[in-house]
Amino acid sequence: MLPKPPPREATLGFLLCPPFRIYGESIAGEITTLMIPELDLGFDIGSCPRAMLSSKHLAITHGHMDHIGALAYYCSQRRFQGMGDAKIVCDERIAPAIRTMMDGFSDLEGQRTPYTLIPVQPDQPVEIKNNILLRGFKAEHTCPAFGYTVAEKRTKLKAEFLGLPQEKLKELKDGGTDITYSFEVPLITYTGDTAPGAHLLREDVRKSQIIISECTFFEPDHKERAKVGMHMHIDDIAEWLRVVECQYLVLVHISRRTDMMYARKRIAEVAGPKNAEKVLFLMDYKANKARYEGQLIAAGEPLPGADRDRPPPRGGGRGPGGGFGGGPRSGPSGGPSGGPPGARSFTPPSFRPQTRPTDGGAPRPPMRPLPPTPPTRPQP
Ligand SMILES: [Zn+2]
Ligand SMILES: [Zn+2]
């Protein structure tokens with residue numbers, strides 16, 4: 001018998017949560033890399049499938065290899081493919097180590113891969129697109145870790161000026177009156193790796209339209225393991241679902257040993273059918289394919305393969321001229337929306353603040369040469 005060929009490589013997980021698409025690959029301890037194409041934003045880069053290269057901004061949650069292992073490659077490939085320098089947003093606490101790692105590659109390659117590092121403090125906004133702000137917040141993990149929220153900044157006319165004719169408004173504005181006010185609509189939260197804690201009850205997290213959260217453990221007797229690794233257990237997710245207002249909660253970072261059928265069964269058991277409806281699993285290819293086909297049918301669009309000349313869906317159903325926000329809305333699949341009314345005052349015990357233990361691309365553009373005297377580092 002001839003030996004078998006290698007296993008076929010898994011494709012990227014894909015979810016359409018209008019108006020956003022979520023791409024990525026995420027298996028606990030092995031790989032996590034996510035992308036929101038509508039925001040030109042990636043989160044983490046444990047591996048770097050080609051599709052991930054197009055994220056202009058990449059926000060890194062923490063330094064575990066399954067989240068950062070392909071960072072240098074991502075920076076180098078973006079440069080190689082003529083896509084511009086990578087913009088890496090990270091927790092300022094890990095910025096020096098990222099620089100050291102990138103310097104190591106400069107030594108190895110004999111050339112310097114350009115990249116822009118944007119170290120941030122908690123809540124320091126980074127404008128990743130016009131009026132779209134990315135902010136980090138401290139998560140609780142076994143090493144310094146951030147979660148991120150993305151919000152859209154909007155302006156509205158103050159109530160007292162509503163109904164006034166345009167000329168009058170212009171006159172007021174020209175006269176120096178501030179006729180508008182600004183507010184933010186939380187769009188997406190990504191937790192990164194984290195234990196449950198008060199940070200998951202932040203207003204911008206609770207009110208995000210989409211929450212992408214890790215959930216590493218599903219078995220009832222794995223709660224202790226979740227605690228030790230400072231990860232989320234499915235029971236934490238169930239508690240959290242009682243207070244978040246998201247339309248979709250996308251679970252990632254599920255271990256390879258967890259069967260998707262079992263994961264779906266467990267979330268229905270612990271969260272109840274209504275809250276479980278909001279929960280999607282990024283790496284559940286089969287369910288997500290069926291879901292997307294349902295979305296296409298509901299939108300009156302042909303199924304993939306029905307019309308091969310048709311370009312792939314873009315913009316995830318975002319209406320012309322529409323903003324990114326607009327409050328919770330149902331997707332074409334009639335997705336669930338809204339949270340339980342009056343649930344906001346409830347703080348699940350495990351979320352209260354706690355003390356914790358411790359191919360042939362474009363020709364390679366010229367690289368900047370190494371500095372004449374590279375810094376010397378002590379040998380291990
Ligand atoms: Zn991880
Ligand atoms: Zn981790």
# chains A, B, ... in the order shown; residues from 1 in each chain; ligands from 1
call {"tool": "closest_atom_pairs", "arguments": {"of": "chain A", "to": "ligand 2", "cutoff": "9 Å", "atoms": "only C-alpha atoms and all ligand atoms", "output": "CSV"}}
result
residue,atom,partner,partner_atom_place_in_ligand_line,distance
A:Ala28,CA,ligand 2,1 (Zn),8.4
A:Gly29,CA,ligand 2,1 (Zn),7.3
A:Thr61,CA,ligand 2,1 (Zn),8.6
A:His62,CA,ligand 2,1 (Zn),6.7
A:Gly63,CA,ligand 2,1 (Zn),7.3
A:His64,CA,ligand 2,1 (Zn),5.0
A:Met65,CA,ligand 2,1 (Zn),7.9
A:Asp66,CA,ligand 2,1 (Zn),7.3
A:His67,CA,ligand 2,1 (Zn),7.2
A:His141,CA,ligand 2,1 (Zn),6.7
A:Thr142,CA,ligand 2,1 (Zn),7.0
A:Cys143,CA,ligand 2,1 (Zn),7.4
A:Ala145,CA,ligand 2,1 (Zn),8.0
A:Gly192,CA,ligand 2,1 (Zn),7.7
A:Asp193,CA,ligand 2,1 (Zn),5.0
A:Thr194,CA,ligand 2,1 (Zn),7.5
A:Gly229,CA,ligand 2,1 (Zn),8.1
A:Met230,CA,ligand 2,1 (Zn),8.3
A:His231,CA,ligand 2,1 (Zn),8.0
call {"tool": "select_by_dssp", "arguments": {"residues": "region 191-263 of chain A", "states": "strand (DSSP E or B)", "output": "list in words"}}
result
Ile210, Ile211, Ile212, Ser213, Glu214, Phe217, His233, Tyr248, Leu249, Val250, Leu251, Val252 and Ile254 of chain A
call {"tool": "closest_residue", "arguments": {"among": "A:Arg266, A:Arg93, A:His253, A:Lys4", "to": "ligand 1", "atoms": "only C-alpha atoms and all ligand atoms"}}
result
A:His253
call {"tool": "residues_around", "arguments": {"residues": "Ser26 (chain A)", "least_positions_apart": "6", "cutoff": "10 Å", "atoms": "only C-alpha atoms", "output": "PDB file with C-alpha atoms, in the first residue's frame"}}
result
ATOM      1  CA  LEU A  12      -9.970  29.457   7.974  1.00  0.00           C
ATOM      2  CA  GLY A  13     -12.964  29.725  10.217  1.00  0.00           C
ATOM      3  CA  THR A  32      -4.972  32.057  17.405  1.00  0.00           C
ATOM      4  CA  THR A  33      -5.227  34.620  14.648  1.00  0.00           C
ATOM      5  CA  LEU A  34      -8.346  36.609  13.849  1.00  0.00           C
ATOM      6  CA  ASP A  44      -3.094  38.047  17.356  1.00  0.00           C
ATOM      7  CA  ILE A  45      -0.909  36.151  14.941  1.00  0.00           C
ATOM      8  CA  GLY A  46      -0.092  32.669  16.206  1.00  0.00           C
ATOM      9  CA  SER A  47       0.171  31.622  12.571  1.00  0.00           C
ATOM     10  CA  ASP A  66       0.120  30.571  20.073  1.00  0.00           C
ATOM     11  CA  HIS A  67      -0.827  34.274  19.798  1.00  0.00           C
ATOM     12  CA  GLU A 214     -11.796  32.619  24.485  1.00  0.00           C
ATOM     13  CA  LEU A 251     -16.107  31.537  21.023  1.00  0.00           C
ATOM     14  CA  VAL A 252     -12.510  30.863  20.036  1.00  0.00           C
ATOM     15  CA  HIS A 253      -9.460  29.193  21.648  1.00  0.00           C
ATOM     16  CA  ILE A 254     -11.282  25.905  22.052  1.00  0.00           C
ATOM     17  CA  SER A 255      -8.935  23.003  22.608  1.00  0.00           C
ATOM     18  CA  ARG A 256      -8.390  20.456  19.866  1.00  0.00           C
ATOM     19  CA  LEU A 282     -15.507  30.308  14.874  1.00  0.00           C
ATOM     20  CA  MET A 283     -13.991  26.918  14.101  1.00  0.00           C
TER      21      MET A 283
END
call {"tool": "atom_distance", "arguments": {"atom1": "CA of Glu203 (chain A)", "atom2": "CA of Tyr23 (chain A)"}}
result
25.5 Å
call {"tool": "residues_around", "arguments": {"residues": "Pro119 (chain A)", "least_positions_apart": "6", "cutoff": "12 Å", "atoms": "only C-alpha atoms", "output": "ChimeraX atom specification"}}
result
/A:58-61,87-99,125-126,135-136,146
call {"tool": "decode", "arguments": {"residues": "region 130-161 of chain A", "atoms": "N, CA and C atoms", "output": "PDB file, in the first residue's frame"}}
result
ATOM      1  N   ASN A 130     -11.177  56.054  10.071  1.00  0.00           N
ATOM      2  CA  ASN A 130     -11.851  57.284  10.410  1.00  0.00           C
ATOM      3  C   ASN A 130     -12.965  57.028  11.431  1.00  0.00           C
ATOM      4  N   ASN A 131     -12.844  57.651  12.604  1.00  0.00           N
ATOM      5  CA  ASN A 131     -13.847  57.529  13.674  1.00  0.00           C
ATOM      6  C   ASN A 131     -13.985  56.125  14.270  1.00  0.00           C
ATOM      7  N   ILE A 132     -13.057  55.253  13.978  1.00  0.00           N
ATOM      8  CA  ILE A 132     -13.070  53.913  14.579  1.00  0.00           C
ATOM      9  C   ILE A 132     -11.872  53.802  15.533  1.00  0.00           C
ATOM     10  N   LEU A 133     -12.185  53.594  16.818  1.00  0.00           N
ATOM     11  CA  LEU A 133     -11.140  53.602  17.843  1.00  0.00           C
ATOM     12  C   LEU A 133     -10.939  52.220  18.448  1.00  0.00           C
ATOM     13  N   LEU A 134      -9.678  51.857  18.577  1.00  0.00           N
ATOM     14  CA  LEU A 134      -9.309  50.594  19.221  1.00  0.00           C
ATOM     15  C   LEU A 134      -8.730  50.924  20.590  1.00  0.00           C
ATOM     16  N   ARG A 135      -9.172  50.208  21.613  1.00  0.00           N
ATOM     17  CA  ARG A 135      -8.634  50.433  22.965  1.00  0.00           C
ATOM     18  C   ARG A 135      -8.322  49.096  23.617  1.00  0.00           C
ATOM     19  N   GLY A 136      -7.231  49.059  24.343  1.00  0.00           N
ATOM     20  CA  GLY A 136      -6.877  47.852  25.089  1.00  0.00           C
ATOM     21  C   GLY A 136      -7.339  47.979  26.533  1.00  0.00           C
ATOM     22  N   PHE A 137      -7.550  46.854  27.171  1.00  0.00           N
ATOM     23  CA  PHE A 137      -7.821  46.846  28.615  1.00  0.00           C
ATOM     24  C   PHE A 137      -7.103  45.638  29.205  1.00  0.00           C
ATOM     25  N   LYS A 138      -6.740  45.761  30.466  1.00  0.00           N
ATOM     26  CA  LYS A 138      -5.987  44.672  31.092  1.00  0.00           C
ATOM     27  C   LYS A 138      -6.863  43.447  31.311  1.00  0.00           C
ATOM     28  N   ALA A 139      -6.361  42.316  30.866  1.00  0.00           N
ATOM     29  CA  ALA A 139      -7.041  41.046  31.118  1.00  0.00           C
ATOM     30  C   ALA A 139      -6.282  40.331  32.234  1.00  0.00           C
ATOM     31  N   GLU A 140      -6.770  39.193  32.668  1.00  0.00           N
ATOM     32  CA  GLU A 140      -6.106  38.445  33.742  1.00  0.00           C
ATOM     33  C   GLU A 140      -5.649  37.108  33.192  1.00  0.00           C
ATOM     34  N   HIS A 141      -4.340  36.987  33.021  1.00  0.00           N
ATOM     35  CA  HIS A 141      -3.803  35.768  32.436  1.00  0.00           C
ATOM     36  C   HIS A 141      -2.465  35.458  33.104  1.00  0.00           C
ATOM     37  N   THR A 142      -1.812  34.402  32.681  1.00  0.00           N
ATOM     38  CA  THR A 142      -0.569  34.013  33.359  1.00  0.00           C
ATOM     39  C   THR A 142       0.622  34.871  32.949  1.00  0.00           C
ATOM     40  N   CYS A 143       0.423  35.791  32.031  1.00  0.00           N
ATOM     41  CA  CYS A 143       1.455  36.762  31.644  1.00  0.00           C
ATOM     42  C   CYS A 143       0.722  38.075  31.344  1.00  0.00           C
ATOM     43  N   PRO A 144       1.447  39.198  31.177  1.00  0.00           N
ATOM     44  CA  PRO A 144       0.732  40.446  30.896  1.00  0.00           C
ATOM     45  C   PRO A 144      -0.175  40.266  29.679  1.00  0.00           C
ATOM     46  N   ALA A 145      -1.441  40.626  29.822  1.00  0.00           N
ATOM     47  CA  ALA A 145      -2.390  40.377  28.722  1.00  0.00           C
ATOM     48  C   ALA A 145      -3.393  41.511  28.607  1.00  0.00           C
ATOM     49  N   PHE A 146      -3.776  41.778  27.384  1.00  0.00           N
ATOM     50  CA  PHE A 146      -4.782  42.783  27.051  1.00  0.00           C
ATOM     51  C   PHE A 146      -5.965  42.111  26.360  1.00  0.00           C
ATOM     52  N   GLY A 147      -7.149  42.697  26.548  1.00  0.00           N
ATOM     53  CA  GLY A 147      -8.264  42.469  25.642  1.00  0.00           C
ATOM     54  C   GLY A 147      -8.423  43.776  24.881  1.00  0.00           C
ATOM     55  N   TYR A 148      -9.247  43.786  23.851  1.00  0.00           N
ATOM     56  CA  TYR A 148      -9.433  45.016  23.066  1.00  0.00           C
ATOM     57  C   TYR A 148     -10.912  45.246  22.774  1.00  0.00           C
ATOM     58  N   THR A 149     -11.268  46.525  22.712  1.00  0.00           N
ATOM     59  CA  THR A 149     -12.599  46.871  22.197  1.00  0.00           C
ATOM     60  C   THR A 149     -12.426  47.836  21.031  1.00  0.00           C
ATOM     61  N   VAL A 150     -13.336  47.747  20.095  1.00  0.00           N
ATOM     62  CA  VAL A 150     -13.370  48.668  18.964  1.00  0.00           C
ATOM     63  C   VAL A 150     -14.695  49.416  19.046  1.00  0.00           C
ATOM     64  N   ALA A 151     -14.620  50.739  18.961  1.00  0.00           N
ATOM     65  CA  ALA A 151     -15.846  51.537  19.056  1.00  0.00           C
ATOM     66  C   ALA A 151     -15.894  52.536  17.914  1.00  0.00           C
ATOM     67  N   GLU A 152     -17.093  52.882  17.517  1.00  0.00           N
ATOM     68  CA  GLU A 152     -17.261  53.909  16.482  1.00  0.00           C
ATOM     69  C   GLU A 152     -17.670  55.221  17.155  1.00  0.00           C
ATOM     70  N   LYS A 153     -16.964  56.263  16.799  1.00  0.00           N
ATOM     71  CA  LYS A 153     -17.266  57.584  17.358  1.00  0.00           C
ATOM     72  C   LYS A 153     -18.311  58.254  16.462  1.00  0.00           C
ATOM     73  N   ARG A 154     -19.383  58.733  17.072  1.00  0.00           N
ATOM     74  CA  ARG A 154     -20.426  59.403  16.282  1.00  0.00           C
ATOM     75  C   ARG A 154     -20.743  60.753  16.907  1.00  0.00           C
ATOM     76  N   THR A 155     -21.302  61.634  16.101  1.00  0.00           N
ATOM     77  CA  THR A 155     -21.770  62.910  16.642  1.00  0.00           C
ATOM     78  C   THR A 155     -23.246  63.083  16.319  1.00  0.00           C
ATOM     79  N   LYS A 156     -23.945  63.732  17.232  1.00  0.00           N
ATOM     80  CA  LYS A 156     -25.380  63.960  17.051  1.00  0.00           C
ATOM     81  C   LYS A 156     -25.709  65.390  17.451  1.00  0.00           C
ATOM     82  N   LEU A 157     -26.783  65.886  16.894  1.00  0.00           N
ATOM     83  CA  LEU A 157     -27.248  67.221  17.247  1.00  0.00           C
ATOM     84  C   LEU A 157     -27.818  67.181  18.676  1.00  0.00           C
ATOM     85  N   LYS A 158     -27.456  68.167  19.475  1.00  0.00           N
ATOM     86  CA  LYS A 158     -27.987  68.221  20.848  1.00  0.00           C
ATOM     87  C   LYS A 158     -29.514  68.379  20.805  1.00  0.00           C
ATOM     88  N   ALA A 159     -30.169  67.797  21.804  1.00  0.00           N
ATOM     89  CA  ALA A 159     -31.641  67.751  21.807  1.00  0.00           C
ATOM     90  C   ALA A 159     -32.275  69.140  21.653  1.00  0.00           C
ATOM     91  N   GLU A 160     -31.646  70.144  22.290  1.00  0.00           N
ATOM     92  CA  GLU A 160     -32.279  71.477  22.278  1.00  0.00           C
ATOM     93  C   GLU A 160     -32.274  72.128  20.893  1.00  0.00           C
ATOM     94  N   PHE A 161     -31.460  71.572  19.970  1.00  0.00           N
ATOM     95  CA  PHE A 161     -31.411  72.165  18.631  1.00  0.00           C
ATOM     96  C   PHE A 161     -32.169  71.341  17.592  1.00  0.00           C
TER      97      PHE A 161
END
